[in-house]
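Accompanying notes for the structure given below.
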Amino acid sequence: MKTITIASTKGGSGKSTILSALAVRATQETPKVAMMDLNFDQGSLTQWWHVRGKPQSPFLVQNVESIQRDLRVIAAMGYEWLFIDSPPTGMDLVEQAVAVADAVIVPVRPGFFDVIAVQTVTWMCRQHRKPFAFVLSAVDGRYKTLTKQTLTALSGLGPVLKTQISYRRPWIAALVIGRTGPELDKDLRPEIGALWGEVKNLAEKGSVQ
Ligand SMILES: Nc1ncnc2c1ncn2[C@@H]1O[C@H](COP(=O)(O)OP(=O)(O)OP(=O)(O)O)[C@@H](O)[C@H]1O
Ligand SMILES: [Mg+2]
């Protein structure tokens, strides 16, 4: 089983949105996809999974007490992918989620404060020797200069995935009905397909190609 942690200590960077879409995209290839919601305060992913109808795939590991023990249990159950959603605060939990990952994806919205905020997670990834990469999230096509500046600043801090997640209404609207942006709007399928390809690559090869 490969474990993908989505982490960023910046609230609202798109972690749960991207995680749910990646998990759903992964189910196109295998039904053995699980998710863990470590955002115990808000439980956005948990709510989304309930609204979706508590599917078996992607399955949500519930009542997580020990990340490592639950991870061993679901690996033994034959799950191929585990996606861990982490909270923006509670460094202990974020670090545990990083420590068990095969790859860490750090969503970053274009913006100055957003770039500054990546440092905590990148430091954790380096401490634990975990492959990580940034993904630009909620990219508004109207602000090309801001996106370019963010990309330049980020590439000095670590690898940046080629895929960018666009700022589009279906990404928001889908969550309320337990779905994902690409399920609602076919125009978003290429971006999640491309991101999934890059995430698999990072988890399997340990570096961005
Ligand atoms: N690509 C996108 N386009 C438009 N809106 C987006 C996009 N991604 C996320 N959003 C919206 O931004 C808000 C925050 O997204 P999300 O909850 O995924 O972030 P998060 O990092 O999980 O937040 P938290 O740190 O609070 O857990 C949500 O309202 C979501 O619908
Ligand atoms: Mg979240």
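Residue numbering restarts at 1 in every chain; chains get A, B, ... in the order shown in the structure tokens, and ligands count up from 1 in that same order.
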Practice item. Around ligand 2, at most 12 Å away and counting only C-alpha atoms and all ligand atoms, which residues are there? Put them as a VMD selection string, please. Key: chain A and resid 6 to 20 36 to 48 84 to 89 107 175
Name all residues at most 8 Å from region 134-139 of chain A (count only C-alpha atoms; drop same-chain ones fewer than 4 positions away) and give them as an NGL selection string. :A and (13-14 or 105-110 or 147 or 151 or 154 or 158-168)
Include N, CA and C atoms and write out the residues we just selected as a CSV table (one decimal), in the first residue's frame.
```
chain,number,residue,atom,x,y,z
A,13,SER,N,-6.1,25.8,2.0
A,13,SER,CA,-5.2,25.8,0.8
A,13,SER,C,-5.8,24.8,-0.3
A,14,GLY,N,-6.8,24.0,0.1
A,14,GLY,CA,-7.3,23.1,-0.9
A,14,GLY,C,-7.0,21.6,-0.5
A,105,ILE,N,2.0,15.7,-0.5
A,105,ILE,CA,1.6,16.7,-1.4
A,105,ILE,C,1.2,18.0,-0.6
A,106,VAL,N,1.7,19.1,-1.0
A,106,VAL,CA,1.5,20.4,-0.3
A,106,VAL,C,0.8,21.3,-1.2
A,107,PRO,N,-0.5,21.5,-1.1
A,107,PRO,CA,-1.2,22.5,-1.9
A,107,PRO,C,-0.9,23.9,-1.5
A,108,VAL,N,-0.7,24.7,-2.5
A,108,VAL,CA,-0.4,26.1,-2.2
A,108,VAL,C,-1.3,27.0,-3.1
A,109,ARG,N,-2.0,27.9,-2.6
A,109,ARG,CA,-2.7,28.9,-3.4
A,109,ARG,C,-1.7,30.0,-3.8
A,110,PRO,N,-1.9,30.6,-5.0
A,110,PRO,CA,-1.0,31.7,-5.4
A,110,PRO,C,-1.2,32.8,-4.4
A,147,THR,N,0.5,34.1,-10.2
A,147,THR,CA,0.8,32.6,-10.3
A,147,THR,C,2.2,32.4,-10.7
A,151,LEU,N,5.0,30.6,-8.4
A,151,LEU,CA,5.8,29.4,-8.9
A,151,LEU,C,7.3,29.7,-8.7
A,154,LEU,N,8.2,29.4,-5.0
A,154,LEU,CA,8.1,28.0,-4.6
A,154,LEU,C,9.2,27.1,-5.1
A,158,GLY,N,11.4,23.9,-3.1
A,158,GLY,CA,11.2,22.5,-3.3
A,158,GLY,C,10.6,22.2,-4.6
A,159,PRO,N,10.4,20.9,-5.0
A,159,PRO,CA,9.8,20.6,-6.3
A,159,PRO,C,8.3,21.0,-6.4
A,160,VAL,N,8.0,21.5,-7.6
A,160,VAL,CA,6.6,21.9,-7.8
A,160,VAL,C,6.0,21.0,-8.9
A,161,LEU,N,4.9,20.4,-8.7
A,161,LEU,CA,4.3,19.6,-9.8
A,161,LEU,C,3.9,20.5,-11.0
A,162,LYS,N,3.9,19.8,-12.1
A,162,LYS,CA,3.5,20.6,-13.4
A,162,LYS,C,2.0,20.9,-13.4
A,163,THR,N,1.2,20.0,-12.8
A,163,THR,CA,-0.2,20.2,-12.9
A,163,THR,C,-0.6,21.3,-11.9
A,164,GLN,N,-1.6,22.1,-12.4
A,164,GLN,CA,-2.1,23.2,-11.5
A,164,GLN,C,-3.6,22.9,-11.4
A,165,ILE,N,-4.2,23.1,-10.2
A,165,ILE,CA,-5.6,22.9,-10.0
A,165,ILE,C,-6.3,24.3,-10.2
A,166,SER,N,-7.2,24.4,-11.1
A,166,SER,CA,-7.8,25.7,-11.4
A,166,SER,C,-8.8,26.2,-10.4
A,167,TYR,N,-9.0,27.5,-10.3
A,167,TYR,CA,-10.0,28.1,-9.5
A,167,TYR,C,-11.3,28.0,-10.2
A,168,ARG,N,-12.2,27.1,-9.9
A,168,ARG,CA,-13.4,26.9,-10.7
A,168,ARG,C,-14.6,26.6,-9.7
```
Using only C-alpha atoms, the residue out of A:Ala23, A:Ile4, A:Gly141, A:Trp81 with shortest distance to Pro182 (chain A) is A:Ala23
I'd like to know which of A:Leu184, A:Ala34, A:Leu82, A:Ala133 is closest to Ile172 (chain A), using only C-alpha atoms.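 Nearest candidate to Ile172 (chain A) out of A:Leu184, A:Ala34, A:Leu82, A:Ala133: A:Leu184.
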* Kindly indicate which residue among A:Pro170, A:Gly193, A:Gly206, A:Gly178 lies nearest to ligand 1, using only C-alpha atoms and all ligand atoms for the distances. =>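 Looking at the shortest contact to ligand 1, the residue is A:Pro170.
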Residue with the minimum atom-to-atom distance to Met35 (chain A), picked from A:Ala76, A:Val208, A:Leu60, A:Ala21 with only C-alpha atoms counted, is A:Leu60
- Task: Pick out the closest residue to ligand 1 from this set: A:Lys205, A:Val73, A:Ser66, A:Leu22. Count only C-alpha atoms and all ligand atoms.
- Result: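 Counting only C-alpha atoms and all ligand atoms, the residue closest to ligand 1 is A:Leu22.
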> Pick the closest to ligand 1 from A:Arg169, A:Lys186, A:Arg72, A:Lys130: which is it, counting only C-alpha atoms and all ligand atoms?
Replying inline: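 Looking at the shortest contact to ligand 1, the residue is A:Arg169.
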Quiz prompt | Shell around Ser207 (chain A) at 9 Å using only C-alpha atoms, local window under 2 positions removed, as a PyMOL selection string | solution = chain A and resi 103+131-133+159+201-205+209
May I have the residues from that selection written out with all heavy atoms, as an mmCIF file, in the first residue's frame?
```
data_model
loop_
_atom_site.group_PDB
_atom_site.id
_atom_site.type_symbol
_atom_site.label_atom_id
_atom_site.label_comp_id
_atom_site.auth_asym_id
_atom_site.auth_seq_id
_atom_site.Cartn_x
_atom_site.Cartn_y
_atom_site.Cartn_z
ATOM 1 N N ALA A 103 4.591 9.701 0.130
ATOM 2 C CA ALA A 103 4.767 10.984 -0.552
ATOM 3 C C ALA A 103 3.841 12.002 0.099
ATOM 4 O O ALA A 103 2.757 11.653 0.563
ATOM 5 C CB ALA A 103 4.442 10.856 -2.035
ATOM 6 N N PRO A 131 9.605 12.153 0.294
ATOM 7 C CA PRO A 131 9.431 12.875 -0.962
ATOM 8 C C PRO A 131 8.213 13.795 -0.859
ATOM 9 O O PRO A 131 7.172 13.357 -0.368
ATOM 10 C CB PRO A 131 9.162 11.780 -2.001
ATOM 11 C CG PRO A 131 9.343 10.479 -1.318
ATOM 12 C CD PRO A 131 9.406 10.715 0.163
ATOM 13 N N PHE A 132 8.359 15.022 -1.277
ATOM 14 C CA PHE A 132 7.225 15.940 -1.244
ATOM 15 C C PHE A 132 7.232 16.803 -2.492
ATOM 16 O O PHE A 132 8.261 16.923 -3.171
ATOM 17 C CB PHE A 132 7.257 16.824 0.021
ATOM 18 C CG PHE A 132 8.305 17.908 -0.009
ATOM 19 C CD1 PHE A 132 7.996 19.180 -0.474
ATOM 20 C CD2 PHE A 132 9.608 17.639 0.409
ATOM 21 C CE1 PHE A 132 8.966 20.181 -0.517
ATOM 22 C CE2 PHE A 132 10.574 18.641 0.369
ATOM 23 C CZ PHE A 132 10.258 19.900 -0.094
ATOM 24 N N ALA A 133 6.083 17.374 -2.781
ATOM 25 C CA ALA A 133 6.003 18.327 -3.885
ATOM 26 C C ALA A 133 4.849 19.280 -3.636
ATOM 27 O O ALA A 133 3.858 18.918 -3.005
ATOM 28 C CB ALA A 133 5.810 17.595 -5.208
ATOM 29 N N PRO A 159 10.364 20.914 -4.968
ATOM 30 C CA PRO A 159 9.796 20.600 -6.271
ATOM 31 C C PRO A 159 8.322 21.021 -6.393
ATOM 32 O O PRO A 159 7.563 20.896 -5.437
ATOM 33 C CB PRO A 159 9.922 19.070 -6.370
ATOM 34 C CG PRO A 159 10.298 18.594 -5.025
ATOM 35 C CD PRO A 159 10.725 19.733 -4.187
ATOM 36 N N ASN A 201 3.624 8.881 -9.506
ATOM 37 C CA ASN A 201 5.031 8.899 -9.840
ATOM 38 C C ASN A 201 5.897 9.247 -8.622
ATOM 39 O O ASN A 201 6.900 8.593 -8.344
ATOM 40 C CB ASN A 201 5.230 9.946 -10.936
ATOM 41 C CG ASN A 201 6.475 9.688 -11.701
ATOM 42 O OD1 ASN A 201 6.714 8.570 -12.132
ATOM 43 N ND2 ASN A 201 7.290 10.706 -11.831
ATOM 44 N N LEU A 202 5.453 10.258 -7.885
ATOM 45 C CA LEU A 202 6.199 10.687 -6.692
ATOM 46 C C LEU A 202 6.209 9.574 -5.645
ATOM 47 O O LEU A 202 7.242 9.300 -5.027
ATOM 48 C CB LEU A 202 5.563 11.965 -6.117
ATOM 49 C CG LEU A 202 6.284 12.613 -4.943
ATOM 50 C CD1 LEU A 202 7.660 13.131 -5.369
ATOM 51 C CD2 LEU A 202 5.461 13.777 -4.366
ATOM 52 N N ALA A 203 5.054 8.921 -5.468
ATOM 53 C CA ALA A 203 4.969 7.861 -4.453
ATOM 54 C C ALA A 203 5.779 6.636 -4.862
ATOM 55 O O ALA A 203 6.361 5.958 -4.014
ATOM 56 C CB ALA A 203 3.510 7.474 -4.245
ATOM 57 N N GLU A 204 5.811 6.352 -6.157
ATOM 58 C CA GLU A 204 6.490 5.134 -6.594
ATOM 59 C C GLU A 204 7.991 5.343 -6.798
ATOM 60 O O GLU A 204 8.790 4.484 -6.464
ATOM 61 C CB GLU A 204 5.826 4.607 -7.875
ATOM 62 C CG GLU A 204 4.542 3.833 -7.531
ATOM 63 C CD GLU A 204 3.525 3.752 -8.666
ATOM 64 O OE1 GLU A 204 3.869 4.152 -9.793
ATOM 65 O OE2 GLU A 204 2.396 3.290 -8.397
ATOM 66 N N LYS A 205 8.371 6.511 -7.332
ATOM 67 C CA LYS A 205 9.791 6.733 -7.649
ATOM 68 C C LYS A 205 10.512 7.545 -6.570
ATOM 69 O O LYS A 205 11.737 7.580 -6.516
ATOM 70 C CB LYS A 205 9.921 7.436 -8.996
ATOM 71 C CG LYS A 205 9.262 6.652 -10.132
ATOM 72 C CD LYS A 205 9.953 6.928 -11.463
ATOM 73 C CE LYS A 205 9.422 6.025 -12.561
ATOM 74 N NZ LYS A 205 8.271 6.608 -13.249
ATOM 75 N N GLN A 209 9.681 13.726 -11.514
ATOM 76 C CA GLN A 209 10.462 13.508 -12.764
ATOM 77 C C GLN A 209 10.502 14.773 -13.597
ATOM 78 O O GLN A 209 9.526 15.446 -13.728
ATOM 79 C CB GLN A 209 9.788 12.386 -13.574
ATOM 80 C CG GLN A 209 9.745 11.075 -12.811
ATOM 81 C CD GLN A 209 11.122 10.526 -12.487
ATOM 82 O OE1 GLN A 209 11.893 10.278 -13.409
ATOM 83 N NE2 GLN A 209 11.436 10.323 -11.210
#
```
TODO: Skip Asp70 (chain A) itself and residues of its chain fewer than 5 positions away, then list as a list in words all residues within 8 Å of it, counting only C-alpha atoms.
DONE: Val61, Val64 and Glu65 of chain A
message: I'd like the interatomic distance between CA of Val51 (chain A) and CA of Asp140 (chain A), to a tenth of an Å.
response: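 Straight-line distance from CA of Val51 (chain A) to CA of Asp140 (chain A) works out to 28.0 Å.
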Could you give me, as number ranges by chain, each residue of region 7-209 of chain A that DSSP assigns to alpha helix (DSSP H) when run on this structure's backbone? A: 15-26, 44-52, 67-76, 91-99, 112-116, 119-127, 144-155, 169-176, 181-184, 189-205
re CA of Gly111 (chain A) and CA of Trp171 (chain A): distance 19.3 Å
One decimal place gives the CA of Val94 (chain A)-CA of Thr5 (chain A) separation as 9.1 Å
